[in-house]
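The file model-v4.cif comes next; it holds mmCIF, C-alpha atoms.
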```cif
data_target
#
loop_
_atom_site.label_atom_id
_atom_site.label_comp_id
_atom_site.auth_asym_id
_atom_site.auth_seq_id
_atom_site.Cartn_x
_atom_site.Cartn_y
_atom_site.Cartn_z
CA MET A 1 101.12 133.75 107.97
CA TYR A 2 103.69 135.08 105.53
CA TYR A 3 103.79 131.86 103.49
CA ILE A 4 100.10 132.15 102.60
CA ILE A 5 99.88 134.09 99.34
CA GLY A 6 96.16 134.02 98.65
CA HIS A 7 93.00 131.97 98.77
CA THR A 8 91.19 129.64 96.37
CA ASN A 9 87.55 130.19 95.33
CA ASN A 10 86.41 127.96 98.19
CA ASN A 11 88.58 129.98 100.59
CA ILE A 12 91.41 127.49 101.08
CA PRO A 13 94.74 129.23 101.80
CA ILE A 14 97.30 129.00 98.99
CA VAL A 15 100.90 128.64 100.14
CA THR A 16 104.05 129.54 98.23
CA THR A 17 106.52 126.86 97.14
CA ASN A 18 109.44 129.27 97.55
CA LEU A 19 111.10 129.28 100.94
CA ASN A 20 112.27 132.70 102.07
CA PHE A 21 114.76 134.00 104.62
CA LEU A 22 112.37 133.50 107.56
CA ASP A 23 111.90 129.81 106.64
CA LEU A 24 115.65 129.27 106.41
CA LEU A 25 116.30 131.10 109.67
CA GLY A 26 113.63 128.98 111.38
CA ASN A 27 115.26 125.86 109.97
CA VAL A 28 118.69 126.78 111.38
CA LYS A 29 117.17 127.67 114.75
CA VAL A 30 115.30 124.40 115.25
CA ARG A 31 118.35 122.43 114.14
CA CYS A 32 120.17 124.13 117.01
CA SER A 33 117.39 123.29 119.45
CA ILE A 34 115.97 126.84 119.64
CA PHE A 35 112.15 127.01 119.77
CA ARG A 36 112.24 123.43 118.52
CA ASN A 37 109.06 122.39 120.25
CA ASN A 38 106.98 125.24 119.00
CA TYR A 39 107.69 125.29 115.29
CA LYS A 40 104.25 124.58 113.95
CA VAL A 41 101.81 125.35 111.17
CA LYS A 42 98.07 125.38 111.71
CA PRO A 43 96.61 121.94 110.89
CA GLY A 44 94.14 121.94 107.99
CA LEU A 45 93.85 122.12 104.24
CA TYR A 46 96.14 124.22 102.04
CA ALA A 47 96.67 124.60 98.31
CA VAL A 48 99.78 124.93 96.15
CA GLY A 49 99.45 126.27 92.62
CA THR A 50 95.88 126.16 91.28
CA PRO A 51 94.50 122.78 92.31
CA ASP A 52 91.06 121.52 91.18
CA LYS A 53 88.83 118.50 91.69
CA ASN A 54 91.33 116.19 90.00
CA SER A 55 94.41 117.32 91.90
CA ASP A 56 96.29 115.12 94.31
CA VAL A 57 95.89 115.42 98.07
CA LEU A 58 99.19 115.20 99.94
CA VAL A 59 99.23 114.59 103.68
CA THR A 60 101.89 115.91 106.04
CA ALA A 61 102.56 116.80 109.69
CA ASN A 62 102.21 120.23 111.28
CA TYR A 63 105.90 120.47 112.14
CA LYS A 64 106.93 123.46 110.08
CA LEU A 65 110.12 121.79 108.79
CA SER A 66 108.01 118.92 107.39
CA PHE A 67 105.55 121.37 105.84
CA ASP A 68 108.34 123.50 104.33
CA HIS A 69 110.10 120.45 103.01
CA LEU A 70 106.95 119.31 101.27
CA ARG A 71 105.97 122.65 99.71
CA LYS A 72 109.45 123.46 98.40
CA ASN A 73 109.33 120.19 96.45
CA LEU A 74 106.02 121.08 94.82
CA ILE A 75 107.22 123.86 92.52
CA GLY A 76 105.08 123.81 89.38
CA ILE A 77 102.61 121.28 90.84
CA ASN A 78 98.93 121.92 91.59
CA ALA A 79 97.94 119.99 94.67
CA TRP A 80 96.13 120.06 98.00
CA ILE A 81 98.08 119.71 101.22
CA LEU A 82 96.29 118.21 104.21
CA VAL A 83 98.19 119.03 107.40
CA LEU A 84 97.46 116.71 110.34
CA ASP A 85 97.74 117.89 113.94
CA THR A 86 100.88 116.12 115.15
CA LYS A 87 101.63 118.67 117.92
CA GLY A 88 104.50 120.11 115.90
CA ILE A 89 106.32 116.79 115.50
CA ASN A 90 107.68 115.42 112.20
CA VAL A 91 105.89 112.63 110.29
CA TRP A 92 108.03 109.69 111.36
CA CYS A 93 108.28 110.52 115.07
CA ALA A 94 104.60 111.46 115.21
CA ALA A 95 103.63 108.24 113.43
CA GLY A 96 105.57 106.29 116.07
CA LYS A 97 103.62 108.18 118.71
CA GLY A 98 100.32 107.64 116.91
CA THR A 99 99.53 111.36 116.52
CA PHE A 100 100.19 111.02 112.80
CA GLY A 101 97.78 108.14 112.70
CA THR A 102 94.69 106.47 111.32
CA LYS A 103 92.30 108.31 113.63
CA GLU A 104 93.75 111.76 112.98
CA LEU A 105 93.83 111.20 109.20
CA ILE A 106 90.21 110.01 109.12
CA SER A 107 89.09 112.96 111.21
CA LYS A 108 90.91 115.51 109.01
CA ILE A 109 89.55 113.92 105.80
CA GLN A 110 86.04 114.30 107.22
CA GLU A 111 86.52 117.71 108.84
CA PHE A 112 87.88 119.33 105.66
CA LEU A 113 85.37 117.55 103.38
CA ILE A 114 88.03 116.09 101.12
CA ASP A 115 85.34 114.10 99.30
CA LYS A 116 83.85 117.46 98.21
CA ILE A 117 87.23 119.03 97.38
CA VAL A 118 88.29 116.27 94.97
CA GLU A 119 86.40 113.80 92.79
CA HIS A 120 88.92 110.97 93.00
CA LYS A 121 89.48 108.66 95.98
CA LYS A 122 93.25 108.84 96.39
CA ILE A 123 95.13 110.34 99.27
CA ILE A 124 98.91 110.43 99.31
CA VAL A 125 100.57 109.79 102.66
CA PRO A 126 104.36 109.87 103.14
CA GLN A 127 105.66 106.33 103.47
CA LEU A 128 107.08 106.89 106.94
CA GLY A 129 103.55 107.81 108.06
CA ALA A 130 102.68 104.12 107.60
CA VAL A 131 104.04 103.53 111.10
CA GLY A 132 100.89 105.22 112.42
CA VAL A 133 98.43 104.94 109.54
CA SER A 134 96.58 101.80 108.59
CA ALA A 135 95.65 102.11 104.91
CA HIS A 136 92.83 99.55 105.01
CA GLU A 137 91.22 101.16 108.06
CA VAL A 138 91.27 104.60 106.39
CA LYS A 139 89.68 103.03 103.30
CA ASN A 140 86.93 101.42 105.40
CA ALA A 141 86.13 104.63 107.24
CA THR A 142 86.36 107.21 104.44
CA GLY A 143 86.48 105.37 101.10
CA PHE A 144 89.85 106.97 100.35
CA ASN A 145 92.69 104.80 99.08
CA VAL A 146 95.91 105.60 100.86
CA LYS A 147 98.80 105.69 98.41
CA TYR A 148 102.10 105.64 100.23
CA GLY A 149 104.41 108.15 98.65
CA PRO A 150 108.21 108.09 98.71
CA VAL A 151 110.21 108.46 101.94
CA ARG A 152 111.69 111.77 100.78
CA ALA A 153 109.64 114.70 99.46
CA THR A 154 112.38 115.30 96.86
CA ASP A 155 111.14 112.14 95.08
CA LEU A 156 107.50 113.29 95.03
CA LYS A 157 107.53 114.65 91.49
CA ALA A 158 108.99 111.41 90.16
CA PHE A 159 106.45 109.42 92.19
CA LEU A 160 103.50 111.46 90.86
CA SER A 161 104.62 111.27 87.26
CA ASN A 162 105.27 107.53 87.56
CA SER A 163 101.59 106.77 88.25
CA TYR A 164 102.04 106.69 92.05
CA ARG A 165 104.80 104.14 92.04
CA ALA A 166 108.00 104.55 94.04
CA ASP A 167 111.05 102.48 93.25
CA LYS A 168 113.09 100.64 95.87
CA LYS A 169 115.46 103.56 96.41
CA MET A 170 112.57 105.97 97.04
CA ARG A 171 111.15 103.50 99.56
CA THR A 172 114.34 103.08 101.54
CA VAL A 173 115.50 105.17 104.48
CA PHE A 174 119.16 106.13 104.35
CA PHE A 175 121.35 107.83 106.88
CA SER A 176 123.82 109.79 104.81
CA PHE A 177 126.80 111.83 105.92
CA LYS A 178 124.70 114.99 105.51
CA ASP A 179 121.76 113.47 107.46
CA ARG A 180 124.08 112.64 110.34
CA LEU A 181 125.96 115.94 110.23
CA ILE A 182 122.76 117.97 110.47
CA LEU A 183 121.81 116.11 113.68
CA THR A 184 125.06 116.79 115.53
CA PRO A 185 124.14 120.26 116.94
CA ILE A 186 121.13 118.71 118.69
CA GLU A 187 123.31 115.90 120.06
CA PHE A 188 125.90 118.41 121.28
CA ILE A 189 123.35 120.75 122.88
CA GLY A 190 121.09 117.94 124.11
CA HIS A 191 123.29 116.76 126.99
CA LEU A 192 125.07 120.06 127.52
CA ASN A 193 123.33 121.03 130.78
CA TYR A 194 124.38 117.74 132.44
CA PHE A 195 127.86 118.09 131.06
CA ILE A 196 128.28 121.67 132.33
CA PHE A 197 127.06 120.50 135.75
CA LEU A 198 129.79 117.85 135.73
CA LEU A 199 132.40 120.42 134.68
CA ALA A 200 131.30 122.72 137.51
CA ILE A 201 131.87 119.97 140.07
CA VAL A 202 135.23 119.14 138.51
CA PHE A 203 136.15 122.84 138.64
CA ILE A 204 135.38 123.03 142.34
CA LEU A 205 137.40 119.87 143.03
CA SER A 206 140.21 121.32 140.91
CA CYS A 207 140.64 123.98 143.58
CA PHE A 208 142.13 121.28 145.77
CA LYS A 209 145.80 120.48 145.51
CA ASN A 210 147.57 118.40 148.14
CA ALA A 211 144.32 118.62 150.11
CA THR A 212 144.41 122.41 150.37
CA PHE A 213 141.71 124.57 148.84
CA ASN A 214 142.76 127.53 146.70
CA VAL A 215 140.90 128.88 143.66
CA ASP A 216 144.23 129.63 141.98
CA ASN A 217 144.85 125.86 141.86
CA ALA A 218 141.80 125.51 139.63
CA PHE A 219 142.93 128.31 137.31
CA SER A 220 146.25 126.64 136.70
CA TYR A 221 145.01 123.05 136.61
CA PHE A 222 141.38 123.01 135.35
CA LYS A 223 142.46 123.02 131.69
CA VAL A 224 143.60 119.39 132.05
CA PRO A 225 140.22 117.89 133.04
CA LEU A 226 138.42 120.38 130.77
CA LEU A 227 140.40 119.31 127.70
CA ASN A 228 139.94 115.64 128.53
CA LEU A 229 136.24 115.63 129.31
CA PHE A 230 135.31 118.12 126.59
CA SER A 231 137.11 116.17 123.88
CA ALA A 232 135.38 112.99 125.10
CA TYR A 233 132.04 114.83 124.88
CA ILE A 234 132.84 115.95 121.32
CA VAL A 235 133.79 112.36 120.42
CA GLY A 236 130.44 111.04 121.65
CA THR A 237 128.13 113.77 120.37
CA ILE A 238 129.80 114.83 117.11
CA ILE A 239 132.58 112.51 115.91
CA THR A 240 130.68 109.25 116.52
CA PRO A 241 127.57 110.41 114.59
CA ILE A 242 129.68 111.67 111.68
CA LEU A 243 131.93 108.59 111.39
CA LEU A 244 129.15 106.16 112.39
CA PRO A 245 129.38 103.59 109.56
CA PHE A 246 133.18 103.55 109.61
CA ILE A 247 133.65 102.74 113.29
CA PRO A 248 134.02 99.01 114.04
CA THR A 249 131.27 97.19 116.00
CA ARG A 250 127.51 97.61 115.53
CA ASN A 251 126.90 98.60 119.11
CA PHE A 252 126.76 102.42 119.44
CA ALA A 253 128.11 102.45 123.01
CA PHE A 254 131.11 100.37 121.89
CA LYS A 255 131.65 102.71 118.93
CA GLY A 256 132.01 105.47 121.53
CA ILE A 257 134.45 103.35 123.56
CA PHE A 258 136.49 102.59 120.44
CA LEU A 259 136.87 106.29 119.56
CA ALA A 260 137.51 107.24 123.20
CA ILE A 261 140.48 104.86 123.27
CA ILE A 262 141.86 106.47 120.11
CA LEU A 263 141.30 109.86 121.74
CA PHE A 264 143.17 108.68 124.83
CA VAL A 265 146.19 107.68 122.73
CA ILE A 266 146.15 111.09 120.99
CA LEU A 267 145.92 112.94 124.31
CA LEU A 268 148.73 110.77 125.64
CA LEU A 269 150.93 111.68 122.63
CA PHE A 270 150.29 115.37 123.21
CA ASN A 271 151.08 114.87 126.88
CA VAL A 272 148.05 116.79 128.17
CA PHE A 273 147.74 114.74 131.33
CA GLY A 274 149.35 115.47 134.64
CA ASN A 275 152.30 113.41 135.80
CA SER A 276 150.38 111.10 138.05
CA VAL A 277 149.59 107.62 136.75
CA LEU A 278 146.41 107.59 138.84
CA GLU A 279 145.26 110.75 137.14
CA ILE A 280 145.89 109.31 133.68
CA ILE A 281 143.92 106.18 134.59
CA SER A 282 141.04 108.27 135.95
CA PHE A 283 140.77 110.28 132.72
CA PHE A 284 140.96 107.10 130.68
CA PHE A 285 137.90 105.78 132.54
CA LEU A 286 135.98 109.07 132.55
CA ASN A 287 136.59 109.77 128.86
CA ILE A 288 135.36 106.31 127.90
CA ALA A 289 132.26 106.63 130.08
CA ILE A 290 131.32 110.03 128.63
CA ALA A 291 131.98 109.16 124.98
CA SER A 292 130.23 105.81 125.28
CA PHE A 293 127.12 107.20 126.96
CA THR A 294 126.69 110.11 124.55
CA ALA A 295 127.39 107.86 121.54
CA MET A 296 124.79 105.38 122.80
CA ASN A 297 122.21 108.17 122.91
CA PHE A 298 122.64 108.70 119.19
CA THR A 299 120.60 105.51 118.70
CA GLY A 300 117.53 107.72 119.13
CA ALA A 301 118.46 109.92 116.19
CA SER A 302 119.58 107.09 113.92
CA THR A 303 117.24 105.62 111.32
CA PHE A 304 117.95 101.93 111.75
CA THR A 305 118.09 100.94 115.44
CA SER A 306 115.33 98.86 116.99
CA LEU A 307 113.93 98.83 120.52
CA SER A 308 115.03 95.21 121.07
CA GLY A 309 118.52 96.04 119.83
CA VAL A 310 118.97 99.16 121.94
CA LYS A 311 117.73 97.30 125.05
CA LYS A 312 120.25 94.53 124.41
CA GLU A 313 123.03 97.06 123.92
CA MET A 314 122.12 99.00 127.07
CA LYS A 315 122.10 95.88 129.26
CA ILE A 316 125.83 95.53 128.65
CA ALA A 317 126.80 99.17 128.14
CA ILE A 318 125.10 100.93 131.05
CA PRO A 319 126.83 98.90 133.82
CA ILE A 320 130.19 99.42 132.07
CA GLN A 321 129.57 103.17 131.80
CA ILE A 322 128.47 103.50 135.42
CA ILE A 323 131.42 101.52 136.77
CA LEU A 324 133.97 103.42 134.65
CA PHE A 325 132.43 106.78 135.57
CA VAL A 326 132.25 106.11 139.30
CA VAL A 327 135.72 104.55 139.51
CA GLY A 328 137.14 107.37 137.35
CA ILE A 329 135.60 110.12 139.48
CA VAL A 330 136.70 108.46 142.73
CA ILE A 331 140.30 107.96 141.58
CA TRP A 332 140.51 111.49 140.22
CA THR A 333 139.06 113.01 143.41
CA VAL A 334 141.58 111.04 145.44
CA THR A 335 144.42 112.55 143.39
CA ARG A 336 143.24 116.01 144.52
CA PHE A 337 143.81 115.08 148.13
CA ILE A 338 147.10 113.19 148.11
CA MET B 1 130.40 98.37 110.66
CA GLY B 2 128.18 100.07 108.15
CA LEU B 3 124.67 101.20 108.84
CA THR B 4 123.29 97.92 110.14
CA TYR B 5 122.42 97.30 113.74
CA LEU B 6 122.68 94.27 116.03
CA LYS B 7 121.94 90.84 114.58
CA ASN B 8 119.19 88.43 115.66
CA VAL B 9 117.29 90.85 117.87
CA SER B 10 114.17 91.78 115.86
CA THR B 11 110.85 90.50 117.19
CA LEU B 12 109.29 90.50 113.69
CA GLU B 13 107.22 87.40 112.84
CA LEU B 14 105.35 86.53 109.66
CA ASP B 15 102.49 84.03 109.47
CA VAL B 16 102.84 82.91 105.86
CA ASN B 17 99.52 81.02 105.95
CA LYS B 18 97.57 84.25 106.47
CA CYS B 19 99.51 86.18 103.81
CA THR B 20 97.74 86.96 100.54
CA GLY B 21 100.73 88.62 98.88
CA CYS B 22 99.09 92.07 98.75
CA ASN B 23 102.50 93.75 98.77
CA MET B 24 101.68 96.32 101.47
CA CYS B 25 104.55 95.22 103.73
CA VAL B 26 106.99 95.61 100.84
CA ILE B 27 105.64 99.12 100.16
CA VAL B 28 105.73 100.45 103.73
CA CYS B 29 108.97 98.89 104.99
CA PRO B 30 111.74 101.52 105.00
CA HIS B 31 114.50 98.91 105.17
CA ASN B 32 113.55 96.36 102.48
CA VAL B 33 112.92 93.57 104.94
CA PHE B 34 110.28 91.85 102.74
CA LYS B 35 110.04 90.35 99.30
CA ILE B 36 107.07 88.70 97.58
CA THR B 37 107.82 85.30 96.09
CA ASN B 38 105.09 83.03 94.71
CA LYS B 39 102.36 85.42 95.95
CA LYS B 40 103.57 85.17 99.53
CA SER B 41 105.60 87.62 101.55
CA GLN B 42 108.96 86.50 102.79
CA ILE B 43 111.30 88.06 105.37
CA ILE B 44 114.59 88.43 103.52
CA ASN B 45 116.51 90.92 105.69
CA LYS B 46 115.34 90.38 109.25
CA ASP B 47 118.41 92.07 110.73
CA PHE B 48 117.50 95.29 108.91
CA CYS B 49 114.19 95.48 110.81
CA MET B 50 113.96 98.47 113.16
CA GLU B 51 110.63 97.36 114.67
CA CYS B 52 108.78 100.48 113.52
CA GLY B 53 105.59 98.46 113.03
CA ALA B 54 104.50 99.95 109.69
CA CYS B 55 104.12 96.46 108.16
CA GLN B 56 102.03 95.18 111.04
CA ARG B 57 99.71 98.18 110.94
CA ASN B 58 99.19 97.95 107.19
CA CYS B 59 98.77 94.19 106.87
CA PRO B 60 95.04 93.65 106.16
CA GLU B 61 95.32 89.96 107.09
CA ASN B 62 97.10 90.45 110.44
CA ALA B 63 99.83 88.15 109.22
CA LEU B 64 102.62 90.21 110.75
CA SER B 65 103.53 90.79 114.36
CA VAL B 66 106.31 92.81 115.88
CA THR B 67 106.88 94.39 119.29
CA THR B 68 107.19 98.03 118.33
CA GLY B 69 108.87 100.88 120.12
CA VAL B 70 111.56 103.51 119.87
CA GLY B 71 115.12 102.38 119.28
CA CYS B 72 116.32 105.22 121.45
CA ALA B 73 118.56 104.86 124.52
CA ALA B 74 117.43 108.19 126.00
CA GLY B 75 113.80 107.17 125.53
CA ILE B 76 114.39 103.85 127.29
CA ILE B 77 116.07 105.65 130.21
CA ILE B 78 113.19 108.15 130.44
CA GLY B 79 110.77 105.21 130.38
CA LEU B 80 112.66 103.48 133.21
CA ILE B 81 112.69 106.65 135.32
CA ASN B 82 108.99 107.37 134.77
CA GLY B 83 107.98 103.71 134.94
CA THR B 84 106.40 103.88 131.49
CA ALA B 85 107.07 102.42 128.07
CA PRO B 86 110.18 103.76 126.29
CA ASP B 87 109.31 107.29 125.27
CA CYS B 88 111.30 109.86 123.34
CA GLY B 89 109.09 112.61 124.72
CA CYS B 90 107.97 113.50 121.18
CA ASP B 91 104.64 114.92 122.29
CA GLY B 92 105.44 118.56 121.72
CA SER B 93 105.76 119.37 125.40
CA SER B 94 109.32 118.24 125.91
CA GLU B 95 112.54 117.67 124.03
CA CYS B 96 112.37 115.06 121.31
CA CYS B 97 115.13 112.97 119.77
#
```
Would it be possible to restate this file's structure as structure tokens?
Amino acid sequence: MYYIIGHTNNNIPIVTTNLNFLDLLGNVKVRCSIFRNNYKVKPGLYAVGTPDKNSDVLVTANYKLSFDHLRKNLIGINAWILVLDTKGINVWCAAGKGTFGTKELISKIQEFLIDKIVEHKKIIVPQLGAVGVSAHEVKNATGFNVKYGPVRATDLKAFLSNSYRADKKMRTVFFSFKDRLILTPIEFIGHLNYFIFLLAIVFILSCFKNATFNVDNAFSYFKVPLLNLFSAYIVGTIITPILLPFIPTRNFAFKGIFLAIILFVILLLFNVFGNSVLEIISFFFLNIAIASFTAMNFTGASTFTSLSGVKKEMKIAIPIQIILFVVGIVIWTVTRFI
Amino acid sequence: MGLTYLKNVSTLELDVNKCTGCNMCVIVCPHNVFKITNKKSQIINKDFCMECGACQRNCPENALSVTTGVGCAAGIIIGLINGTAPDCGCDGSSECC
């Protein structure tokens, strides 16, 4: 691969710490859900700089974004990188799945003879890998002491120079504006096929006016439902993630409802609805259902929601969303035929 | 408001009698749920717990228990449809959240 720039004496590939255009292009593509599930590096042992028997061994996943993120933060450092086979999934998700786990780490330590590569007994695992790795079990099986590194690779240098100690900030997961922003393309694209299916049905129904079918009706009228539903979709998949901490209520589905009501008022002010009260009510319901459902799905991308919490939220939110959606669609369809 | 989730939902439990104060839970927790006082761990921010299970897996004394899983609505829906545990589909074969 292009990022391998040579080999050590014992024939371990040396990788560059400089990311090039191909790496950046790959990054943009996976962030937009293109080839996202096949962005991998070969599992195994790599070197950065000129590591020796005293150098640190850093463990990561074989998702190329994780690998790139690690190596670009190792400029000027001599170290070994042990890449586990996580099926191309990042450290935290893979640890939750168990693929970045105790068994895989033990097997890679043994397979790549880490006890021959280095003289010490330390192996540095990213802290979020602790979800899948049991430090004491790795120690029992291999003799290696797992040192949990910082959450973010950007803190690695500080961690290494501070005798393998991470402060509280390095140990804490955040969910910054930038973190949330970078996830929005996936949210937007993620439900797009369902959303386009819905729009197609709405387009067909838009051909009806006073119970007569004519495609010209859709061309003159379709912009009304399109503007409504599309803005609700944007609210749920983009605006909610971006404004997340500033929207009242802790419940993601209710955050979506809150913003959908604001959206409704804005749309009302700009007078983008038809003249029928029934139609306005139907869009009110549909917009809330769409924004709430898509906002609720952002729980999966967030860094602080729990299974118990999301289950509790869904028990209330899903029935509300279904009722609003069904009632909204029925009322709106009726308006096409009266 | 803010980046905290629902209150009083976490299934995290700590058996203080088994705890030896080794500090592993403090090290692995990404949300500062634990603190060591008088050589014993203590849950100080239970509502910050996201049930990831890192503490449970790294507690050598088995003093911690938590029902782990993905805090992901799409994963829970997929699980319901397939009749399995909540699953984000992060196995490399399908879309992952």
Proximity check chain A to chain B, 8 Å, nearest pairs one decimal Å, all atoms listed in the file, as JSON lines:
```
{"residue": "A:Arg36", "atom": "CA", "partner": "B:Glu95", "partner_atom": "CA", "distance": 8.0}
{"residue": "A:Asn37", "atom": "CA", "partner": "B:Gly92", "partner_atom": "CA", "distance": 5.5}
{"residue": "A:Asn38", "atom": "CA", "partner": "B:Gly92", "partner_atom": "CA", "distance": 7.4}
{"residue": "A:Lys87", "atom": "CA", "partner": "B:Gly92", "partner_atom": "CA", "distance": 5.4}
{"residue": "A:Gly88", "atom": "CA", "partner": "B:Gly92", "partner_atom": "CA", "distance": 6.1}
{"residue": "A:Ile89", "atom": "CA", "partner": "B:Gly92", "partner_atom": "CA", "distance": 6.5}
{"residue": "A:Cys93", "atom": "CA", "partner": "B:Cys90", "partner_atom": "CA", "distance": 6.8}
{"residue": "A:Ala94", "atom": "CA", "partner": "B:Cys90", "partner_atom": "CA", "distance": 7.2}
{"residue": "A:Gly96", "atom": "CA", "partner": "B:Cys52", "partner_atom": "CA", "distance": 7.1}
{"residue": "A:Lys97", "atom": "CA", "partner": "B:Cys90", "partner_atom": "CA", "distance": 7.3}
{"residue": "A:Gln127", "atom": "CA", "partner": "B:Val28", "partner_atom": "CA", "distance": 5.9}
{"residue": "A:Leu128", "atom": "CA", "partner": "B:Val28", "partner_atom": "CA", "distance": 7.3}
{"residue": "A:Ala130", "atom": "CA", "partner": "B:Ala54", "partner_atom": "CA", "distance": 5.0}
{"residue": "A:Val131", "atom": "CA", "partner": "B:Ala54", "partner_atom": "CA", "distance": 3.9}
{"residue": "A:Gly132", "atom": "CA", "partner": "B:Ala54", "partner_atom": "CA", "distance": 6.9}
{"residue": "A:Val133", "atom": "CA", "partner": "B:Arg57", "partner_atom": "CA", "distance": 7.0}
{"residue": "A:Ser134", "atom": "CA", "partner": "B:Asn58", "partner_atom": "CA", "distance": 4.9}
{"residue": "A:Ala135", "atom": "CA", "partner": "B:Asn58", "partner_atom": "CA", "distance": 5.9}
{"residue": "A:His136", "atom": "CA", "partner": "B:Pro60", "partner_atom": "CA", "distance": 6.4}
{"residue": "A:Tyr148", "atom": "CA", "partner": "B:Val28", "partner_atom": "CA", "distance": 7.2}
{"residue": "A:Val151", "atom": "CA", "partner": "B:Pro30", "partner_atom": "CA", "distance": 7.7}
{"residue": "A:Lys168", "atom": "CA", "partner": "B:Asn32", "partner_atom": "CA", "distance": 7.9}
{"residue": "A:Arg171", "atom": "CA", "partner": "B:Pro30", "partner_atom": "CA", "distance": 5.8}
{"residue": "A:Thr172", "atom": "CA", "partner": "B:Pro30", "partner_atom": "CA", "distance": 4.6}
{"residue": "A:Val173", "atom": "CA", "partner": "B:Pro30", "partner_atom": "CA", "distance": 5.3}
{"residue": "A:Phe175", "atom": "CA", "partner": "B:Leu3", "partner_atom": "CA", "distance": 7.7}
{"residue": "A:Leu244", "atom": "CA", "partner": "B:Gly2", "partner_atom": "CA", "distance": 7.5}
{"residue": "A:Pro245", "atom": "CA", "partner": "B:Gly2", "partner_atom": "CA", "distance": 4.0}
{"residue": "A:Phe246", "atom": "CA", "partner": "B:Met1", "partner_atom": "CA", "distance": 6.0}
{"residue": "A:Ile247", "atom": "CA", "partner": "B:Met1", "partner_atom": "CA", "distance": 6.0}
{"residue": "A:Pro248", "atom": "CA", "partner": "B:Met1", "partner_atom": "CA", "distance": 5.0}
{"residue": "A:Thr249", "atom": "CA", "partner": "B:Met1", "partner_atom": "CA", "distance": 5.5}
{"residue": "A:Arg250", "atom": "CA", "partner": "B:Tyr5", "partner_atom": "CA", "distance": 5.4}
{"residue": "A:Asn251", "atom": "CA", "partner": "B:Leu6", "partner_atom": "CA", "distance": 6.8}
{"residue": "A:Met296", "atom": "CA", "partner": "B:Ala73", "partner_atom": "CA", "distance": 6.5}
{"residue": "A:Asn297", "atom": "CA", "partner": "B:Ala73", "partner_atom": "CA", "distance": 5.2}
{"residue": "A:Phe298", "atom": "CA", "partner": "B:Cys72", "partner_atom": "CA", "distance": 7.6}
{"residue": "A:Thr299", "atom": "CA", "partner": "B:Cys72", "partner_atom": "CA", "distance": 5.1}
{"residue": "A:Gly300", "atom": "CA", "partner": "B:Cys72", "partner_atom": "CA", "distance": 3.6}
{"residue": "A:Ala301", "atom": "CA", "partner": "B:Cys97", "partner_atom": "CA", "distance": 5.8}
{"residue": "A:Phe304", "atom": "CA", "partner": "B:Met50", "partner_atom": "CA", "distance": 5.5}
{"residue": "A:Thr305", "atom": "CA", "partner": "B:Gly71", "partner_atom": "CA", "distance": 5.1}
{"residue": "A:Ser306", "atom": "CA", "partner": "B:Met50", "partner_atom": "CA", "distance": 4.1}
{"residue": "A:Leu307", "atom": "CA", "partner": "B:Gly71", "partner_atom": "CA", "distance": 3.9}
{"residue": "A:Ser308", "atom": "CA", "partner": "B:Val9", "partner_atom": "CA", "distance": 5.9}
{"residue": "A:Gly309", "atom": "CA", "partner": "B:Val9", "partner_atom": "CA", "distance": 5.7}
{"residue": "A:Val310", "atom": "CA", "partner": "B:Gly71", "partner_atom": "CA", "distance": 5.7}
{"residue": "A:Lys311", "atom": "CA", "partner": "B:Ala73", "partner_atom": "CA", "distance": 7.6}
{"residue": "A:Met314", "atom": "CA", "partner": "B:Ala73", "partner_atom": "CA", "distance": 7.3}
```
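Note that CA of Thr86 in chain A and CA of Lys147 in chain A are 19.8 Å apart.
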Inset, instruction - Expand the PyMOL selection byres ((chain B and resi 39) around 8) into the individual residues it matches in the shown file, reporting them as a ChimeraX atom specification. - result: /B:20-22,36-38,40-41
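Taking CA of Asn228 in chain A and CA of Ile266 in chain A as the two end points, the separation is 10.8 Å.
Interatomic distance, CA of Val334 in chain A against CA of Leu269 in chain A: 24.7 Å.
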Per-axis box centre and lengths in Å around range 178-182 of chain A, 5 Å margin per side, axis-aligned, as JSON:
```
{"center_x": 123.9, "center_y": 115.3, "center_z": 108.0, "size_x": 14.2, "size_y": 15.3, "size_z": 15.0}
```
Inset, instruction - Can you give me, as a PyMOL selection string, the residues this file yields under the PyMOL selection byres ((chain A and resi 18) around 8)? - result: chain A and resi 16-17+19-20+71-72+75
Legend entry - Protein/DNA/RNA residues near (98.2, 118.8, 102.9), cut 9 Å, all atoms listed in the file, as a PyMOL selection string: chain A and resi 43-47+57-61+67+70+79-84
Export C-alpha atoms of the chosen residues as an mmCIF file, in the coordinates of the input?
```
data_model
loop_
_atom_site.group_PDB
_atom_site.id
_atom_site.type_symbol
_atom_site.label_atom_id
_atom_site.label_comp_id
_atom_site.auth_asym_id
_atom_site.auth_seq_id
_atom_site.Cartn_x
_atom_site.Cartn_y
_atom_site.Cartn_z
ATOM 1 C CA PRO A 43 96.610 121.940 110.890
ATOM 2 C CA GLY A 44 94.140 121.940 107.990
ATOM 3 C CA LEU A 45 93.850 122.120 104.240
ATOM 4 C CA TYR A 46 96.140 124.220 102.040
ATOM 5 C CA ALA A 47 96.670 124.600 98.310
ATOM 6 C CA VAL A 57 95.890 115.420 98.070
ATOM 7 C CA LEU A 58 99.190 115.200 99.940
ATOM 8 C CA VAL A 59 99.230 114.590 103.680
ATOM 9 C CA THR A 60 101.890 115.910 106.040
ATOM 10 C CA ALA A 61 102.560 116.800 109.690
ATOM 11 C CA PHE A 67 105.550 121.370 105.840
ATOM 12 C CA LEU A 70 106.950 119.310 101.270
ATOM 13 C CA ALA A 79 97.940 119.990 94.670
ATOM 14 C CA TRP A 80 96.130 120.060 98.000
ATOM 15 C CA ILE A 81 98.080 119.710 101.220
ATOM 16 C CA LEU A 82 96.290 118.210 104.210
ATOM 17 C CA VAL A 83 98.190 119.030 107.400
ATOM 18 C CA LEU A 84 97.460 116.710 110.340
#
```
